[in-house]
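To keep things clear, I will list the structure first and then write my remarks on it.
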Amino acid sequence: MKKTTHYILLIITVFCVQLTFAQEQIKSKIDLLLKEKEQIRLYEKEALKTEIEAITKRLEKNEITAQQAQNLKTEAAKNRALNIENRVAIIDNKISLLERNGTDKLARLDSLPGKVEVDVFDIKFNDKSIFYSETKKQEVKYDIRTVSELVLAVGLNNAIIDGQSLDDSPYKIGGSRFFEMGINWRTRLFKNSNAVRLNYGFSFQFNGLKVDDNLYFVENGNQTELQDFEYDLDKAKLRMDNLVFPVHFEFGPSRKEETEEKMRYYIDNKFRIGIGAYGGFNIGTRQKLKYKENGKKVKDKFKRDYNTSDLIYGLSAYAGFGDTTLYVKYDLNPIFKDALVDQHNISVGLRFDL
């Protein structure tokens with residue numbers, strides 16, 4: 001009986017100790033949560049102060065009007081107040097959960113895999129930030145005046161020959177094509193307007209001329225001539241590969257989006273027109289022949305200069321809506337050096353700014 005009483009007393013003592021320890025744990029967690037509430041208020045107030053200072057600097061630089069500055073400050077204060085309200089509400093809910101269920105329930109919720117805590121400034125996994133820290137936000141540049149893009153162009157190619165119309169060209173209109181690929185940088189020229197932009201970069205141009213009437217290109221000294229081929233040609237095509245550096249002045253409207261953190265101009269679905277020129281050099285010329293000899297299919301490729309011009313320069317223009325425009329380019333240099341009759345490459349197609 002005496003031992004049983006001792007066991008009962010021991011159990012009661014252990015239970016009381018555990019209860020007291022649990023209560024201390026709850027109190028400790030609640031104290032930490034209360035401190036976190038205060039930290040939230042301090043953080044949001046400091047963040048609001050930083051935003052107000054940034055808006056004031058923009059006003060002093062005459063980037064915005066006094067009314068715009070007041071509107072931005074009001075909006076910033078409203079957002080910060082809502083942030084405090086929402087984040088404090090989360091803490092209050094945790095405190096209520098602790099008071100109602102003790103530490104075990106809160107611990108089980110905290111240990112759930114993939115727990116995400118989201119607010120306007122931070123996304124956390126198990127209290128570890130993956131994007132921002134509590135004290136430092138990712139910096140966003142307010143104004144970006146230069147952007148880069150990939151340029152692709154494809155279409156029909158031919159040559160304008162002195163003294164001849166395009167209808168008399170020895171090159172097939174449908175079979176002669178061009179392809180262009182490059183990198184373009186677009187820079188806004190004016191500080192507070194995007195009406196005029198300067199586009200510049202580099203491109204690889206591949207201009208093809210497909211010969212008609214069973215003719216092919218032959219080098220005869222410093223002259224390149226078209227001569228009859230001894231077999232029936234399925235295909236005779238000359239391709240000139242160029243590296244050029246185009247520059248265009250681009251005109252057109254744009255859509256402006258502005259917040260307290262950034263300002264951007266967008267030209268998607270807007271009409272634009274570009275006028276400019278290009279210069280560069282030829283990096284390769286080759287001729288491809290397809291024919292049958294004694295019933296066998298033969299493919300020949302000849303990589304020679306064919307007296308083509310080393311320096312490439314010309315005029316180009318484009319016009320259209322958004323990323324797709326009608327594209328025209330014309331080489332001022334002759335296709336063949338020292339030719340008796342000058343020929344100038346001309347291309348018409350579509351240009352895609354991606």
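Scheme for the structure tokens: letters A, B, ... for chains in order shown; per-chain residue numbers from 1; ligand numbers from 1 in order shown.
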
| message | Residues within 12 Å of Ser176 (chain A), please, as a VMD selection string. Count only C-alpha atoms; anything in the same chain fewer than 2 positions from it doesn't count. | response | chain A and resid 154 to 159 169 to 174 178 to 179 206 to 212 235 to 240 345 to 349

List every residue of region 275-325 of chain A that has an atom at most 12 Å from any atom of region 198-204 of chain A, and for each one report the closest atom pair and its distance in Å to one decimal, counting only C-alpha atoms, with rows sorted by chain and then by increasing residue number, as a Markdown table.
| residue | atom | partner | partner_atom | distance |
| --- | --- | --- | --- | --- |
| A:Ile275 | CA | A:Asn199 | CA | 9.7 |
| A:Gly276 | CA | A:Asn199 | CA | 9.0 |
| A:Ala277 | CA | A:Tyr200 | CA | 9.9 |
| A:Tyr278 | CA | A:Phe202 | CA | 9.1 |
| A:Gly279 | CA | A:Phe202 | CA | 9.6 |
| A:Gly280 | CA | A:Phe202 | CA | 9.1 |
| A:Phe281 | CA | A:Phe204 | CA | 10.2 |
| A:Asn282 | CA | A:Phe204 | CA | 9.8 |
| A:Ile283 | CA | A:Phe204 | CA | 9.4 |
| A:Gly284 | CA | A:Phe204 | CA | 11.2 |
| A:Ile312 | CA | A:Phe204 | CA | 11.8 |
| A:Ala317 | CA | A:Asn199 | CA | 11.6 |
| A:Tyr318 | CA | A:Asn199 | CA | 11.8 |

Keeping all heavy atoms, export the residues of the selection given above as a PDB file, in the first residue's frame.
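Okay, this is what ended up in out.pdb:
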ATOM      1  N   ILE A 275      13.853  52.524 -90.045  1.00  0.00           N
ATOM      2  CA  ILE A 275      14.584  52.906 -91.249  1.00  0.00           C
ATOM      3  C   ILE A 275      16.061  52.971 -90.888  1.00  0.00           C
ATOM      4  O   ILE A 275      16.439  53.601 -89.887  1.00  0.00           O
ATOM      5  CB  ILE A 275      14.117  54.278 -91.780  1.00  0.00           C
ATOM      6  CG1 ILE A 275      12.620  54.245 -92.089  1.00  0.00           C
ATOM      7  CG2 ILE A 275      14.907  54.670 -93.016  1.00  0.00           C
ATOM      8  CD1 ILE A 275      12.051  55.597 -92.461  1.00  0.00           C
ATOM      9  N   GLY A 276      16.898  52.314 -91.704  1.00  0.00           N
ATOM     10  CA  GLY A 276      18.310  52.327 -91.361  1.00  0.00           C
ATOM     11  C   GLY A 276      19.203  51.754 -92.440  1.00  0.00           C
ATOM     12  O   GLY A 276      18.844  51.704 -93.621  1.00  0.00           O
ATOM     13  N   ALA A 277      20.363  51.296 -92.018  1.00  0.00           N
ATOM     14  CA  ALA A 277      21.373  50.782 -92.935  1.00  0.00           C
ATOM     15  C   ALA A 277      22.172  49.687 -92.237  1.00  0.00           C
ATOM     16  O   ALA A 277      22.031  49.460 -91.032  1.00  0.00           O
ATOM     17  CB  ALA A 277      22.290  51.910 -93.398  1.00  0.00           C
ATOM     18  N   TYR A 278      23.011  49.014 -93.003  1.00  0.00           N
ATOM     19  CA  TYR A 278      23.856  47.961 -92.446  1.00  0.00           C
ATOM     20  C   TYR A 278      25.177  47.929 -93.216  1.00  0.00           C
ATOM     21  O   TYR A 278      25.273  48.367 -94.372  1.00  0.00           O
ATOM     22  CB  TYR A 278      23.168  46.597 -92.517  1.00  0.00           C
ATOM     23  CG  TYR A 278      22.683  46.209 -93.892  1.00  0.00           C
ATOM     24  CD1 TYR A 278      23.499  45.515 -94.780  1.00  0.00           C
ATOM     25  CD2 TYR A 278      21.390  46.527 -94.303  1.00  0.00           C
ATOM     26  CE1 TYR A 278      23.059  45.169 -96.047  1.00  0.00           C
ATOM     27  CE2 TYR A 278      20.934  46.192 -95.564  1.00  0.00           C
ATOM     28  CZ  TYR A 278      21.765  45.509 -96.435  1.00  0.00           C
ATOM     29  OH  TYR A 278      21.327  45.179 -97.691  1.00  0.00           O
ATOM     30  N   GLY A 279      26.186  47.434 -92.551  1.00  0.00           N
ATOM     31  CA  GLY A 279      27.489  47.248 -93.172  1.00  0.00           C
ATOM     32  C   GLY A 279      28.173  46.043 -92.561  1.00  0.00           C
ATOM     33  O   GLY A 279      27.946  45.707 -91.399  1.00  0.00           O
ATOM     34  N   GLY A 280      29.012  45.393 -93.358  1.00  0.00           N
ATOM     35  CA  GLY A 280      29.694  44.202 -92.858  1.00  0.00           C
ATOM     36  C   GLY A 280      30.572  43.599 -93.929  1.00  0.00           C
ATOM     37  O   GLY A 280      31.090  44.308 -94.801  1.00  0.00           O
ATOM     38  N   PHE A 281      30.718  42.301 -93.902  1.00  0.00           N
ATOM     39  CA  PHE A 281      31.588  41.654 -94.866  1.00  0.00           C
ATOM     40  C   PHE A 281      31.098  40.247 -95.168  1.00  0.00           C
ATOM     41  O   PHE A 281      30.371  39.630 -94.392  1.00  0.00           O
ATOM     42  CB  PHE A 281      33.037  41.619 -94.372  1.00  0.00           C
ATOM     43  CG  PHE A 281      33.183  41.164 -92.946  1.00  0.00           C
ATOM     44  CD1 PHE A 281      33.342  39.826 -92.648  1.00  0.00           C
ATOM     45  CD2 PHE A 281      33.143  42.080 -91.900  1.00  0.00           C
ATOM     46  CE1 PHE A 281      33.474  39.407 -91.339  1.00  0.00           C
ATOM     47  CE2 PHE A 281      33.279  41.667 -90.587  1.00  0.00           C
ATOM     48  CZ  PHE A 281      33.435  40.325 -90.309  1.00  0.00           C
ATOM     49  N   ASN A 282      31.496  39.767 -96.322  1.00  0.00           N
ATOM     50  CA  ASN A 282      31.155  38.421 -96.774  1.00  0.00           C
ATOM     51  C   ASN A 282      32.052  37.399 -96.062  1.00  0.00           C
ATOM     52  O   ASN A 282      33.268  37.573 -95.986  1.00  0.00           O
ATOM     53  CB  ASN A 282      31.347  38.315 -98.291  1.00  0.00           C
ATOM     54  CG  ASN A 282      31.083  36.920 -98.816  1.00  0.00           C
ATOM     55  OD1 ASN A 282      31.979  36.087 -98.831  1.00  0.00           O
ATOM     56  ND2 ASN A 282      29.865  36.673 -99.249  1.00  0.00           N
ATOM     57  N   ILE A 283      31.440  36.347 -95.520  1.00  0.00           N
ATOM     58  CA  ILE A 283      32.222  35.334 -94.806  1.00  0.00           C
ATOM     59  C   ILE A 283      32.224  33.989 -95.534  1.00  0.00           C
ATOM     60  O   ILE A 283      32.816  33.026 -95.054  1.00  0.00           O
ATOM     61  CB  ILE A 283      31.685  35.143 -93.373  1.00  0.00           C
ATOM     62  CG1 ILE A 283      30.199  34.774 -93.375  1.00  0.00           C
ATOM     63  CG2 ILE A 283      31.910  36.399 -92.552  1.00  0.00           C
ATOM     64  CD1 ILE A 283      29.651  34.477 -91.986  1.00  0.00           C
ATOM     65  N   GLY A 284      31.566  33.935 -96.702  1.00  0.00           N
ATOM     66  CA  GLY A 284      31.588  32.684 -97.454  1.00  0.00           C
ATOM     67  C   GLY A 284      30.616  32.699 -98.620  1.00  0.00           C
ATOM     68  O   GLY A 284      29.531  33.291 -98.528  1.00  0.00           O
ATOM     69  N   ILE A 312      30.070  44.383 -97.563  1.00  0.00           N
ATOM     70  CA  ILE A 312      28.617  44.401 -97.746  1.00  0.00           C
ATOM     71  C   ILE A 312      28.065  45.648 -97.070  1.00  0.00           C
ATOM     72  O   ILE A 312      28.376  45.924 -95.904  1.00  0.00           O
ATOM     73  CB  ILE A 312      27.959  43.144 -97.135  1.00  0.00           C
ATOM     74  CG1 ILE A 312      28.647  41.881 -97.649  1.00  0.00           C
ATOM     75  CG2 ILE A 312      26.461  43.122 -97.429  1.00  0.00           C
ATOM     76  CD1 ILE A 312      28.565  41.681 -99.130  1.00  0.00           C
ATOM     77  N   ALA A 317      14.634  48.524 -94.138  1.00  0.00           N
ATOM     78  CA  ALA A 317      13.500  49.141 -93.457  1.00  0.00           C
ATOM     79  C   ALA A 317      12.502  48.054 -93.091  1.00  0.00           C
ATOM     80  O   ALA A 317      12.477  46.968 -93.696  1.00  0.00           O
ATOM     81  CB  ALA A 317      12.834  50.191 -94.337  1.00  0.00           C
ATOM     82  N   TYR A 318      11.694  48.332 -92.083  1.00  0.00           N
ATOM     83  CA  TYR A 318      10.636  47.403 -91.678  1.00  0.00           C
ATOM     84  C   TYR A 318       9.461  48.194 -91.118  1.00  0.00           C
ATOM     85  O   TYR A 318       9.625  49.320 -90.628  1.00  0.00           O
ATOM     86  CB  TYR A 318      11.151  46.382 -90.658  1.00  0.00           C
ATOM     87  CG  TYR A 318      11.753  46.985 -89.416  1.00  0.00           C
ATOM     88  CD1 TYR A 318      10.968  47.314 -88.308  1.00  0.00           C
ATOM     89  CD2 TYR A 318      13.123  47.230 -89.323  1.00  0.00           C
ATOM     90  CE1 TYR A 318      11.523  47.867 -87.167  1.00  0.00           C
ATOM     91  CE2 TYR A 318      13.693  47.787 -88.194  1.00  0.00           C
ATOM     92  CZ  TYR A 318      12.891  48.102 -87.122  1.00  0.00           C
ATOM     93  OH  TYR A 318      13.438  48.660 -85.997  1.00  0.00           O
TER      94      TYR A 318
END

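Counting only C-alpha atoms, the residue from A:Tyr231, A:Phe217, A:Phe190, A:Tyr330 that sits nearest to Tyr306 (chain A) is A:Phe217.
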
| task | Extract the full set of strand (DSSP E or B) residues from region 243-314 of chain A according to DSSP on the backbone, and format it as a PyMOL selection string. | result | chain A and resi 243-251+255-258+263-266+271-293+296-303+308+311-314

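Comparing A:Leu233, A:Val151, A:Val140, A:Ile273 by their smallest distance to Val196 (chain A), the closest is A:Ile273 (using only C-alpha atoms).
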
| Which residues come within 9 Å of Pro334 (chain A), counting only C-alpha atoms, excluding same-chain residues fewer than 4 positions away, as a PyMOL selection string? | chain A and resi 308-309+312+338-339+342-345

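The gap separating CA of Asn194 (chain A) from CA of Arg264 (chain A) is 9.8 Å, in Å to one decimal.
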
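With distances restricted to only C-alpha atoms, A:Leu33 is the closest residue to Ile95 (chain A) from A:Ile144, A:Leu33, A:Ala69, A:Ile55.
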
| message | Give me, as a PyMOL selection string, all polymer residues having an atom no more than 12 Å from Lys292 (chain A), counting only C-alpha atoms and skipping those fewer than 3 positions away in the same chain. | response | chain A and resi 229-235+289+295-300

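For the residues A:Asp31, A:Glu51, A:Glu149, A:Glu36, ranking by smallest atom-to-atom distance to Leu98 (chain A) using only C-alpha atoms places A:Asp31 first.
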
| field | Non-local contacts of Gly320 (chain A) (7 Å; only C-alpha atoms; under 4 positions in same chain excluded) as a PyMOL selection string | value | chain A and resi 271-273+324-326

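Between CA of Leu152 (chain A) and CA of Leu315 (chain A) the interatomic distance comes to 17.4 Å.
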